[in-house]
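Pasting run24.csv here (CSV, C-alpha atoms):
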```
chain,number,residue,atom,x,y,z
A,487,MET,CA,-155.6,0.5,77.5
A,488,LYS,CA,-153.2,-1.7,75.6
A,489,HIS,CA,-150.3,-1.4,78.1
A,490,THR,CA,-152.3,-1.5,81.3
A,491,GLY,CA,-150.8,-3.9,83.8
A,492,VAL,CA,-147.5,-4.3,82.0
A,493,ILE,CA,-145.5,-2.4,84.6
A,494,PHE,CA,-147.3,-4.1,87.4
A,495,LYS,CA,-146.5,-7.5,86.1
A,496,ARG,CA,-142.9,-6.7,85.3
A,497,ILE,CA,-142.3,-5.3,88.8
A,498,LEU,CA,-143.8,-8.4,90.5
A,499,ARG,CA,-141.8,-10.7,88.3
A,500,ASP,CA,-138.5,-8.8,88.9
A,501,SER,CA,-139.2,-8.6,92.6
A,502,ARG,CA,-140.2,-12.2,93.2
A,503,THR,CA,-136.8,-13.2,94.7
A,504,ALA,CA,-137.0,-10.3,97.2
A,505,ILE,CA,-140.6,-11.0,98.0
A,506,ILE,CA,-139.9,-14.7,98.7
A,507,ALA,CA,-136.7,-13.9,100.7
A,508,TRP,CA,-138.5,-11.3,102.9
A,509,GLY,CA,-141.5,-13.5,103.3
A,510,ILE,CA,-139.4,-16.5,104.4
A,511,GLY,CA,-137.4,-14.2,106.8
A,512,LEU,CA,-140.6,-12.9,108.4
A,513,ALA,CA,-142.1,-16.4,108.5
A,514,VAL,CA,-139.0,-17.7,110.4
A,515,TYR,CA,-139.4,-14.7,112.8
A,516,ALA,CA,-143.0,-15.7,113.3
A,517,ILE,CA,-142.1,-19.3,114.0
A,518,PHE,CA,-139.4,-18.4,116.4
A,519,THR,CA,-141.8,-16.0,118.2
A,520,VAL,CA,-144.5,-18.6,118.5
A,521,VAL,CA,-142.3,-21.4,119.8
A,522,ILE,CA,-140.8,-19.4,122.7
A,523,TYR,CA,-144.3,-18.6,124.0
A,524,PRO,CA,-144.4,-21.5,126.5
A,525,PHE,CA,-141.3,-20.1,128.2
A,526,VAL,CA,-142.9,-16.7,128.5
A,527,GLN,CA,-146.3,-18.1,129.5
A,528,ASP,CA,-144.9,-19.5,132.7
A,529,PHE,CA,-142.9,-16.4,133.6
A,530,LYS,CA,-145.7,-14.4,135.3
A,531,GLU,CA,-143.2,-11.9,136.8
A,532,ILE,CA,-142.7,-10.4,133.3
A,533,ASN,CA,-146.1,-8.6,133.6
A,534,GLU,CA,-144.7,-6.7,136.6
A,535,MET,CA,-141.8,-5.5,134.4
A,536,MET,CA,-144.3,-4.4,131.8
A,537,LYS,CA,-145.8,-2.0,134.4
A,538,LEU,CA,-142.6,0.1,134.5
A,539,PRO,CA,-143.2,3.6,132.9
A,540,ILE,CA,-140.6,3.0,130.2
A,541,MET,CA,-142.2,-0.3,129.2
A,542,GLN,CA,-145.7,1.3,129.2
A,543,ALA,CA,-144.4,4.0,126.9
A,544,MET,CA,-142.8,1.5,124.5
A,545,LEU,CA,-145.8,-0.8,124.4
A,546,GLY,CA,-148.6,1.8,124.5
A,547,ASP,CA,-150.9,3.6,126.9
A,548,LYS,CA,-151.9,0.3,128.5
A,549,ALA,CA,-149.4,-2.6,128.1
A,550,ALA,CA,-150.8,-6.0,127.2
A,551,ASP,CA,-150.7,-9.1,129.4
A,552,VAL,CA,-147.7,-10.7,127.6
A,553,THR,CA,-148.4,-14.1,129.1
A,554,SER,CA,-151.7,-14.3,127.1
A,555,PRO,CA,-151.4,-15.5,123.5
A,556,GLY,CA,-152.8,-12.3,122.0
A,557,GLY,CA,-150.8,-10.0,124.2
A,558,PHE,CA,-147.6,-12.0,123.6
A,559,LEU,CA,-147.9,-11.8,119.8
A,560,GLY,CA,-148.8,-8.2,119.9
A,561,THR,CA,-145.8,-7.3,122.0
A,562,TYR,CA,-143.2,-9.6,120.6
A,563,PHE,CA,-144.2,-9.6,116.9
A,564,PHE,CA,-146.6,-7.0,115.7
A,565,LEU,CA,-145.3,-4.1,117.8
A,566,MET,CA,-141.9,-4.0,116.0
A,567,MET,CA,-143.0,-5.2,112.6
A,568,PRO,CA,-143.6,-1.7,111.1
A,569,LEU,CA,-140.0,-0.8,111.8
A,570,ILE,CA,-138.8,-4.1,110.2
A,571,THR,CA,-140.9,-3.9,107.1
A,572,ALA,CA,-140.2,-0.1,106.8
A,573,VAL,CA,-136.8,-1.1,105.3
A,574,TYR,CA,-138.5,-2.8,102.3
A,575,SER,CA,-141.2,-0.2,101.9
A,576,VAL,CA,-138.8,2.8,101.9
A,577,LEU,CA,-136.3,1.0,99.5
A,578,TYR,CA,-139.2,0.2,97.2
A,579,GLY,CA,-140.5,3.8,97.4
A,580,LEU,CA,-137.0,5.0,96.3
A,581,GLY,CA,-137.1,2.6,93.4
A,582,ILE,CA,-140.4,3.8,91.9
A,583,THR,CA,-138.8,6.8,90.2
A,584,ALA,CA,-135.5,7.7,91.8
A,585,ALA,CA,-133.6,4.4,91.1
A,586,GLU,CA,-134.8,4.3,87.5
A,587,GLU,CA,-133.8,8.0,87.1
A,588,ASP,CA,-130.3,7.4,88.6
A,589,ARG,CA,-129.8,4.4,86.2
A,590,GLY,CA,-130.9,6.5,83.2
A,591,THR,CA,-133.7,4.0,82.4
A,592,LEU,CA,-136.6,6.2,83.4
A,593,ASP,CA,-136.6,8.3,80.2
A,594,VAL,CA,-136.3,5.2,78.1
A,595,LEU,CA,-139.2,3.6,79.9
A,596,LEU,CA,-141.3,6.8,79.4
A,597,SER,CA,-140.4,6.9,75.7
A,598,TYR,CA,-143.0,4.2,75.3
A,599,PRO,CA,-146.7,5.2,75.0
A,600,LEU,CA,-147.0,5.1,78.8
A,601,PRO,CA,-148.3,8.1,80.8
A,602,ARG,CA,-146.3,9.1,83.9
A,603,TRP,CA,-149.3,8.6,86.2
A,604,GLN,CA,-149.7,5.0,85.0
A,605,LEU,CA,-146.0,4.3,85.8
A,606,ILE,CA,-146.4,5.5,89.4
A,607,LEU,CA,-149.8,3.9,90.0
A,608,GLU,CA,-148.8,0.5,88.7
A,609,LYS,CA,-145.6,0.5,90.6
A,610,PHE,CA,-147.4,1.4,93.8
A,611,ALA,CA,-150.0,-1.2,93.2
A,612,ALA,CA,-147.2,-3.7,92.8
A,613,LEU,CA,-145.9,-2.7,96.2
A,614,VAL,CA,-149.4,-3.5,97.7
A,615,ALA,CA,-149.3,-6.9,96.1
A,616,ALA,CA,-145.7,-7.5,97.2
A,617,LEU,CA,-146.4,-6.7,100.8
A,618,ALA,CA,-149.6,-8.8,100.7
A,619,LEU,CA,-147.6,-11.8,99.4
A,620,MET,CA,-144.9,-11.3,102.1
A,621,LEU,CA,-147.5,-11.3,104.8
A,622,ALA,CA,-149.2,-14.3,103.4
A,623,ILE,CA,-145.9,-16.2,103.6
A,624,THR,CA,-145.6,-14.9,107.2
A,625,LEU,CA,-149.0,-16.3,108.1
A,626,VAL,CA,-147.8,-19.7,106.9
A,627,GLY,CA,-145.0,-19.3,109.4
A,628,PHE,CA,-147.5,-18.6,112.1
A,629,VAL,CA,-149.5,-21.7,111.2
A,630,ALA,CA,-146.3,-23.9,111.3
A,631,GLY,CA,-145.3,-22.4,114.7
A,632,MET,CA,-148.8,-23.0,116.2
A,633,ILE,CA,-148.8,-26.6,115.0
A,634,VAL,CA,-145.8,-27.3,117.2
A,635,THR,CA,-146.9,-25.0,120.0
A,636,PRO,CA,-150.5,-25.9,120.9
A,637,SER,CA,-150.4,-23.8,124.0
A,638,LEU,CA,-150.6,-20.7,121.9
A,639,GLU,CA,-154.2,-20.5,120.8
A,640,VAL,CA,-155.4,-17.4,118.8
A,641,ASN,CA,-158.2,-16.8,116.4
A,642,PHE,CA,-156.7,-17.1,113.0
A,643,GLY,CA,-159.1,-14.4,111.7
A,644,ASP,CA,-157.7,-12.0,114.2
A,645,LEU,CA,-154.2,-12.9,113.1
A,646,ILE,CA,-155.0,-12.2,109.5
A,647,LEU,CA,-156.5,-8.8,110.4
A,648,ALA,CA,-153.4,-8.0,112.4
A,649,ALA,CA,-151.2,-8.9,109.5
A,650,LEU,CA,-153.3,-6.8,107.0
A,651,ASN,CA,-153.1,-3.9,109.5
A,652,LEU,CA,-149.4,-3.6,108.6
A,653,LEU,CA,-150.3,-2.5,105.1
A,654,PRO,CA,-151.5,1.1,105.8
A,655,ILE,CA,-148.5,2.2,107.9
A,656,ASN,CA,-146.1,0.7,105.3
A,657,LEU,CA,-147.9,2.4,102.4
A,658,VAL,CA,-147.6,5.8,104.2
A,659,MET,CA,-143.9,5.3,104.5
A,660,ALA,CA,-143.6,4.2,100.8
A,661,ALA,CA,-145.8,7.1,99.6
A,662,LEU,CA,-143.8,9.7,101.5
A,663,THR,CA,-140.6,8.3,100.0
A,664,LEU,CA,-142.2,8.4,96.6
A,665,LEU,CA,-143.3,12.1,97.0
A,666,LEU,CA,-139.8,13.2,98.2
A,667,SER,CA,-138.2,11.3,95.3
A,668,THR,CA,-140.3,13.3,92.8
A,669,ILE,CA,-139.1,16.5,94.5
A,670,LEU,CA,-135.5,15.8,95.4
A,671,ARG,CA,-132.9,14.3,93.1
A,672,SER,CA,-130.8,12.6,95.7
A,673,ARG,CA,-131.8,9.0,96.8
A,674,GLY,CA,-129.5,9.3,99.8
A,675,LEU,CA,-131.1,12.5,100.9
A,676,VAL,CA,-134.6,11.1,100.5
A,677,GLY,CA,-133.7,7.9,102.3
A,678,GLY,CA,-132.2,9.9,105.2
A,679,ILE,CA,-135.2,12.2,105.5
A,680,VAL,CA,-137.7,9.3,105.5
A,681,GLY,CA,-135.5,7.2,107.9
A,682,THR,CA,-135.4,10.2,110.3
A,683,PHE,CA,-139.2,10.6,110.0
A,684,VAL,CA,-139.9,6.9,110.7
A,685,PHE,CA,-137.7,6.7,113.8
A,686,GLY,CA,-138.6,10.2,114.9
A,687,SER,CA,-142.3,9.2,114.7
A,688,TYR,CA,-141.6,6.1,116.8
A,689,PHE,CA,-139.8,8.3,119.3
A,690,VAL,CA,-142.7,10.8,119.5
A,691,LYS,CA,-145.1,8.0,120.2
A,692,THR,CA,-142.8,6.6,123.0
A,693,PHE,CA,-142.0,10.1,124.5
A,694,SER,CA,-145.7,11.2,124.5
A,695,ALA,CA,-146.6,8.3,126.8
A,696,LEU,CA,-144.0,9.4,129.4
A,697,VAL,CA,-145.1,13.1,129.7
A,698,GLU,CA,-148.1,14.8,131.1
A,699,ASP,CA,-150.7,16.9,129.3
A,700,PRO,CA,-150.6,18.9,127.1
A,701,LEU,CA,-147.4,17.4,125.6
A,702,THR,CA,-149.0,14.0,125.5
A,703,ASN,CA,-151.1,15.3,122.6
A,704,ILE,CA,-148.0,15.2,120.3
A,705,ARG,CA,-148.7,11.5,119.9
A,706,TYR,CA,-151.2,12.4,117.3
A,707,ALA,CA,-148.3,13.5,115.1
A,708,SER,CA,-146.9,10.0,115.0
A,709,ILE,CA,-148.0,7.5,112.4
A,710,PHE,CA,-147.4,4.8,115.0
A,711,HIS,CA,-150.2,6.2,117.1
A,712,TYR,CA,-152.7,5.0,114.4
A,713,TYR,CA,-151.2,1.5,114.1
A,714,GLY,CA,-152.5,-0.2,117.1
A,715,GLY,CA,-149.3,-1.6,118.8
A,716,SER,CA,-149.1,-4.3,121.4
A,717,ARG,CA,-152.8,-4.6,122.2
A,718,MET,CA,-154.0,-5.1,118.6
A,719,MET,CA,-154.5,-8.8,119.1
A,720,LEU,CA,-156.5,-8.2,122.2
A,721,ASP,CA,-158.5,-5.1,121.3
A,722,GLY,CA,-158.8,-5.5,117.6
A,723,VAL,CA,-157.6,-3.3,114.7
A,724,ASP,CA,-158.0,0.4,115.0
A,725,TRP,CA,-160.1,0.8,111.9
A,726,GLY,CA,-160.3,4.6,112.2
A,727,GLY,CA,-156.5,4.8,112.4
A,728,ALA,CA,-156.0,2.4,109.5
A,729,LEU,CA,-158.5,4.5,107.4
A,730,LEU,CA,-156.7,7.7,108.2
A,731,LEU,CA,-153.3,6.2,107.2
A,732,LEU,CA,-154.8,5.1,103.9
A,733,VAL,CA,-156.2,8.6,103.3
A,734,VAL,CA,-152.8,10.1,103.9
A,735,THR,CA,-151.3,7.5,101.5
A,736,GLY,CA,-153.8,8.5,98.8
A,737,ALA,CA,-153.0,12.2,99.4
A,738,LEU,CA,-149.2,11.6,99.2
A,739,VAL,CA,-149.5,9.5,96.0
A,740,ALA,CA,-151.8,12.2,94.4
A,741,LEU,CA,-149.2,14.9,95.2
A,742,SER,CA,-146.5,12.6,93.8
A,743,LEU,CA,-148.5,12.3,90.5
A,744,ALA,CA,-148.9,16.0,90.3
A,745,THR,CA,-145.2,16.7,91.0
A,746,PHE,CA,-143.8,14.0,88.8
A,747,GLN,CA,-146.1,15.0,85.9
A,748,ARG,CA,-144.6,18.5,85.6
A,749,ARG,CA,-140.9,18.0,86.5
A,750,ASP,CA,-138.0,17.5,84.1
A,751,LEU,CA,-136.3,14.1,84.3
A,752,GLY,CA,-132.7,13.9,85.4
A,753,THR,CA,-130.2,12.7,82.9
```
Kindly transcribe the structure held in the file into structure tokens.
Amino acid sequence: MKHTGVIFKRILRDSRTAIIAWGIGLAVYAIFTVVIYPFVQDFKEINEMMKLPIMQAMLGDKAADVTSPGGFLGTYFFLMMPLITAVYSVLYGLGITAAEEDRGTLDVLLSYPLPRWQLILEKFAALVAALALMLAITLVGFVAGMIVTPSLEVNFGDLILAALNLLPINLVMAALTLLLSTILRSRGLVGGIVGTFVFGSYFVKTFSALVEDPLTNIRYASIFHYYGGSRMMLDGVDWGGALLLLVVTGALVALSLATFQRRDLGT
């Protein structure tokens, strides 16, 4: 197709400042996390704190040894990363159709020989590329931090996998935002619903670890249950959970395509 890739390239070009800014911010966070490791490494009593029920709930069913390199990075970096990157993913999801529609540029864009499904798919593909670039910059930050902190030794392959594991959960949040944007006409309402869902999902995961059966089974309703949490650097990526999140993403995008294809555009 003549126009294939045009939207994808335009979005990446227009988003380059945000991608670099986010990437540098996450890289600085990574450097800061790595360089404080020697102080935590010698603080053995911190593992006793991690055995408290509330800490077990926040960190997972079995909290990691935070004085070990893998447990430390999982707890102090990767555990909270989905909540941080959710801001970018949700705002991007709002921008796929809702922002263009609010600005009155969506109908102009679609006046070109460009099918609606191509617009959504190329914009969503650009999100995947943008997140991957941000995470690549973040990994550079990890390398810089580990150069000056030789006591933190981790397998770089495991670090790459842990970073890539952030993609599925972020894509679910973006895809849900996209779907709601094709149904509702208020960006504020969509953002509020998705924000409530994200933090509610995190609360469900935390709450389910504090209660006894059968309520503990509500953890399966949380997207954070399938992410991996603080033990990801120790136990490896939950490939089944990552695959499920990608399947959910695909279903949400497919529903978005169907909804957007038959709806009237706002003016």
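When atom CA of A:Ile517 is paired with atom CA of A:Gly627, their separation reads 5.4 Å.
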Selected residue of minimal separation from A:Ala618 among A:Ile505, A:Ala707, A:Met719, A:Leu729, counting only C-alpha atoms: A:Ile505
Close residues, A:Phe610 itself excluded, 10 Å, all atoms listed in the file, min 5 positions apart in chain, as a PyMOL selection string: chain A and resi 494+497+578-579+582+604-605+615-616+657+660-661+664+739
I want to know what sits within 9 Å of A:Gly727, based on all atoms listed in the file, with residues of the same chain fewer than 2 positions away left out; could you give that as a CSV table (one decimal) with C-alpha atoms, in the coordinates of the input?
```csv
chain,number,residue,atom,x,y,z
A,709,ILE,CA,-148.0,7.5,112.4
A,711,HIS,CA,-150.2,6.2,117.1
A,712,TYR,CA,-152.7,5.0,114.4
A,713,TYR,CA,-151.2,1.5,114.1
A,714,GLY,CA,-152.5,-0.2,117.1
A,723,VAL,CA,-157.6,-3.3,114.7
A,724,ASP,CA,-158.0,0.4,115.0
A,725,TRP,CA,-160.1,0.8,111.9
A,729,LEU,CA,-158.5,4.5,107.4
A,730,LEU,CA,-156.7,7.7,108.2
A,731,LEU,CA,-153.3,6.2,107.2
A,732,LEU,CA,-154.8,5.1,103.9
```
Pick from A:Phe693, A:Gly556, A:Thr668, A:Gly674 nearest to A:Arg602, counting all atoms listed in the file: A:Thr668
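Atom pair atom CA of A:Val552 / atom CA of A:Gly631 has a distance of 17.6 Å (rounded to one decimal).
The nearest approach to A:Ser575 among the residues A:Val734, A:Ala504, A:Ile646, A:Ala744, with all atoms listed in the file taken into account, belongs to A:Ala504.
Nearest to A:Leu720 of all the residues A:Ala648, A:Leu653, A:Leu577, A:Val492 is A:Ala648, based on only C-alpha atoms.
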Residue among A:Ile510, A:Val576, A:Val684, A:Met718 lying closest to A:Phe563, counting all atoms listed in the file: A:Met718
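Taking only C-alpha atoms into account, A:Asn651 lies nearest to A:Gly715 out of the set A:Val629, A:Gly715, A:Leu741, A:Leu666.
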Exercise: residues within 8 Å of coordinate (-144.8, 10.2, 119.8), counting all atoms listed in the file, as a PyMOL selection string: chain A and resi 686-695+704-708+710-711
